[in-house]
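First up is the structure itself, then whatever we jot down about it.
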Amino acid sequence: MLEVRALTKRYPGVLAVDSVSFTALPGQVTGYLGPNGSGKSTTVKMITGLLEPTAGEILYRGRPIGADLIEYRRILGYVPEEPYLYPHLTGAEYLELAGELRDLPAATLHAKIDALLGLFSLAGDRHSPISSYSKGMRQKILISAAILHDPELIVLDEPFSGLDVQAALVVRSLIRSLAGSGKTVLFSSHVLEVVEKVCSRVVILHKGRAVANDSIEHLRDLMELPTLEDIFAQLVTEQDPDATARQIAETIRR
Amino acid sequence: MNQRRQFRALTHLFAYRFFDTDIVSMRGDLSALLSQLAALLAALSVALVLIVAPKYAGLYHHLNARQIRAAAWSDPEFLISTSMAVIGVFTLLLWDALFPDRRDCLMLGAMPVRVRTLFAAKLAALGAALGMAIVAVNSASGLACPFLIVPDATGPLSAARGFAAYWTAILLASLFVFWLLLGLQGLALHLLPHHLFLRWSSLIQTAAFFGVLTLYFLTPPLATPQALAAPQNRLWYALIPSYWFWGLFHVMAGSANPALDALARRALAGEPAVALIAMAAYALAYARQLRRTVEQSGIAPARRAVLPWTALARLFVRRAPERAIFAFIARTVARSRQHRLLLSMYIGLGFGYVFSQIAYVLYHYKAVPYGDSEGRAQTALGIPLILLFFVVIALRVSFSIPVELRANWLFRLTDSFAGGAYLDATRKALLLFALAPVTAIAAPVYLALWPWPRALGHILFLAVFGLLIIELALLRFAKVPFTCSYLPGRANLKIMFGVYWGVLIIASELITDFEHRALQHPKSYAALMAVTLTAWLIAVWRTRGARAEVPTLSFEEQPEPAVVALGLAGRLN
């Protein structure tokens with residue numbers, strides 16, 4: 001179980017995350033939602049140990065993650081928001097790097113790499129440098145690298161970015177399947193339809209604060225709204241989208 | 001559409017892109033960078049004056065009139081070939097920016113800009129950069145030297161003629177190298193399929209870099225009236241362009257020597273020929289490159305390449321995280337253009353020194369009797385040492401320059417620190433990419449040249465000393481190579497080149513002197529080896545101690561400042 005307690009991150013002059021608390025349970029997909037700049041990625045970076053919180057605690061299995069960060073990272077799989085990869089490596093070499101850094105046995109690692117590249121339709125491009133990959137191909141490499149070591153805790157930050165329809169369907173099903181096998185999945189995304197379909201519960205963030213933390217069913221009942229999109233709009237949207245669109249159209253006509 | 005406005009914007013963009021690399025970081029300030037580069041080249045020009053001028057000013061009292069007159073014959077060749085070498089290196093630094101790349105094509109291709117505007121802007125930016133370089137590198141030498149090196153200058157008129165001759169020869173010689181390299185890339189673009197060009201371009205660049213340095217340092221010293229008269233030298237004069245422009249200078253300055261006249265004619269015929277070929281290849285390749293870059297992906301699928309060091313890594317690097325970092329280092333060194341260029345520059349300097357030493361042995365000792373063979377041996381001893389210094393420093397400096405910094409999260413989230421994997425992998429990379437090749441090249445040469453006990457003694461010392469240098473390079477090294485941000489200026493070439501060069505030359509002279517004496521007495525040799533081994537063991541102990549003190553790996557060169565300025569100063573005005 002991943003437990004986030006009063007997590008806060010303050011940059012000079014900016015409060016990026018303000019006392020956020022939630023729990024992600026094994027066997028469930030926890031959605032983490034919020035508009036741009038709400039602090040989602042900052043929270044995710046703190047959960048992965050890439051950023052130090054200003055205040056608050058992150059516990060995994062009841063222990064602060066900082067107590068043994070190396071051990072915590074061994075059971076962590078992470079797909080970052082942006083597909084930052086080493087462009088001079090090939091897809092296969094990148095996965096080899098990720099697997100060896102995680103100390104996977106060579107035979108297992110290479111078998112897994114072959115299989116994952118094949119399943120993600122990247123076998124033909126395995127020896128091409130990542131610099132020549134499309135955004136979707138890079139995303140597939142990131143997802144493969146995140147699950148290569150069969151992690152217990154999986155943190156996905158916008159994993160559908162750039163994926164084609166077929167791959168997106170595969171990944172959606174994969175997320176459910178990973179949770180079904182008892183893993184803890186934290187899923188941060190803007191794609192509300194997908195979140196609604198795969199997540200058991202959601203945390204909605206607005207201006208660094210958690211404004212909702214509940215199961216989707218319960219939120220629907222509580223707010224008497226039919227979809228997650230409506231709930232999201234009610235909780236965090238400050239502008240009328242139609243009015244904003246009209247203003248943009250008027251601006252470019254000037 | 002205002003094409004002039006587009007032209008101005010694009011010229012500025014292209015000029016910026018010439019220098020937009022981490023090696024010569026500019027922090028977005030083009031004029032500041034150009035000023036720094038110009039200052040660097042001007043400093044070189046001042047150094048040239050300091051090399052050439054003192055003998056004419058009578059500072060060398062032991063030189064007689066005949067020697068000074070001979071110097072006036074040969075010094076123009078030195079100045080011309082130096083300018084050619086500098087402009088050659090400068091052009092090779094701009095290599096990747098000579099033609100539009102994928103980013104240019106994708107971003108500018110969608111804009112309402114004509115190809116001819118793009119082409120003109122690129123040419124203007126190139127011309128500005130090249131002009132700045134030629135003027136800067138000759139700024140001091142071009143003002144002082146023409147009045148010193150013109151033989152038989154009798155008055156203001158002949159001095160003015162010498163000045164014009166000097167600048168014409170320098171300008172044409174510098175442009176000749178530029179055209180040659182531009183044409184080389186243009187022809188490669190035409191002759192090679194696009195995916196092969198992408199793969200081989202940096203190899204051609206590196207080869208040309210070493211070609212320029214080799215030609216500069218190993219050109220035989222033939223700028224004398226006696227050499228000019230010798231029939232056996234005709235081939236050298238025909239092949240080496242710096243002699244053509246040297247001939248042109250003397251003819252323009254008033255010499256009536258028919259041999260010089262022939263060289264001048266070669267310069268005047270060669271210049272337009274190479275310029276024409278280069279311009280044609282460039283203009284044709286430009287439009288073609290725009291289309292091909294957009295049509296094709298960056299690099300076509302390749303076969304799996306099993307490089308020798310990958311096999312070596314599997315042999316010598318057992319732990320998986322260590323092997324991962326070792327392979328990452330090897331692949332980055334082999335594939336990152338930016339790092340390869342940096343390595344080429346440092347190693348090229350090392351080779352430059354080595355070549356100058358070889359040339360010294362070849363040309364200086366040729367007429368010296370056998371009694372000076374010990375001097376020759378001492379010179380030869382220093383060659384692999386200095387090369388090793390430069391290769392280790394080149395790798396160590398390149399390790400501090402990141403490759404795709406934002407991708408380092410992978411190392412931050414995994415076990416690269418555990419058990420010192422980063423340090424062991426880096427040490428093994430230095431051993432395999434620096435010490436092993438230098439020793440492997442040096443060993444057969446010394447075994448062929450010297451009696452085997454002496455050769456073996458030197459090779460053993462080189463190996464142990466190499467271990468010591470590597471360990472010293474790893475002191476306070478708490479990062480995975482290529483993954484840590486760096487502060488522009490920390491690996492600043494204009495400072496580091498000079499510092500390293502000076503320290504290394506002095507250190508190598510001292511060490512070579514010690515070794516040379518030690519090799520003649522077994523006891524002294526044993527003492528030298530014992531001292532070096534002890535120093536190495538102390539360095540290993542210090543490196544391990546330093547590792548234990550480091551809580552975690554460094555991925556940021558500079559911690560966040562305690563006080564952050566709001567940057568409002570400019571906005572309040």
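Ligands are numbered from 1 in the order shown, chains are lettered A, B, ... in the order of the structure tokens, and residues start at 1 in each chain.
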
Considering only C-alpha atoms, extract the chain A residues located within 6 Å of chain B and return them as a PyMOL selection string.
chain A and resi 73+84-85+97+100-101+103+127-128+132

I want to know what sits within 9 Å of Phe22 in chain A, based on only C-alpha atoms, with residues of the same chain fewer than 2 positions away left out; could you give that as JSON, numbers by chain?
{"A": [2, 3, 4, 5, 6, 20, 24, 203, 210, 213]}

From a backbone DSSP assignment, name each residue in range 70-111 of chain A labelled helix (DSSP H, G or I), as a list of chain:residue names.
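These are the residues in question: A:Ile70, A:Glu71, A:Tyr72, A:Arg73, A:Arg74, A:Gly91, A:Ala92, A:Glu93, A:Tyr94, A:Leu95, A:Glu96, A:Leu97, A:Ala98, A:Gly99, A:Glu100, A:Leu101, A:Ala106, A:Ala107, A:Thr108, A:Leu109, A:His110, A:Ala111.
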
Minimum-distance residue to Leu123 in chain B, chosen among B:Phe14, B:Phe245, B:Trp73, B:Phe399 (using only C-alpha atoms):
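Smallest distance to Leu123 in chain B is found for B:Phe14.
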
Range 179-182 of chain A surroundings by only C-alpha atoms, 8 Å radius, close-in-sequence under 6 positions cut, as a ChimeraX atom specification
/A:26-29,152

File of the preceding selection, N, CA and C atoms, as a PDB file, in the first residue's frame:
ATOM      1  N   PRO A  26      -3.105  -1.976  -3.053  1.00  0.00           N
ATOM      2  CA  PRO A  26      -2.739  -3.039  -3.995  1.00  0.00           C
ATOM      3  C   PRO A  26      -3.997  -3.616  -4.647  1.00  0.00           C
ATOM      4  N   GLY A  27      -3.888  -3.984  -5.911  1.00  0.00           N
ATOM      5  CA  GLY A  27      -5.032  -4.559  -6.615  1.00  0.00           C
ATOM      6  C   GLY A  27      -5.966  -3.505  -7.172  1.00  0.00           C
ATOM      7  N   GLN A  28      -5.623  -2.244  -6.982  1.00  0.00           N
ATOM      8  CA  GLN A  28      -6.485  -1.161  -7.483  1.00  0.00           C
ATOM      9  C   GLN A  28      -5.693  -0.200  -8.348  1.00  0.00           C
ATOM     10  N   VAL A  29      -6.406   0.465  -9.254  1.00  0.00           N
ATOM     11  CA  VAL A  29      -5.780   1.546 -10.015  1.00  0.00           C
ATOM     12  C   VAL A  29      -6.310   2.856  -9.433  1.00  0.00           C
ATOM     13  N   GLU A 152       6.205  -4.027  -8.043  1.00  0.00           N
ATOM     14  CA  GLU A 152       4.998  -4.119  -7.189  1.00  0.00           C
ATOM     15  C   GLU A 152       4.166  -2.846  -7.294  1.00  0.00           C
TER      16      GLU A 152
END

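For the pair CA of Gly545 in chain B and CA of Leu50 in chain A, the interatomic distance is 26.4 Å.
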
Restricting the calculation to only C-alpha atoms, which member of B:Pro402, B:Gly131, B:Pro225, B:Pro481 is positioned closest to Ile329 in chain B?
B:Pro481

Show me, as a count of residues only, the residues that have an atom within 9 Å of Ile143 in chain A when counting only C-alpha atoms, minus same-chain residues fewer than 6 positions from it.
6

Measuring between only C-alpha atoms, which one of B:Tyr237, B:Tyr525, B:Tyr353, B:Trp244 shows the shortest distance to Gly270 in chain B?
B:Trp244
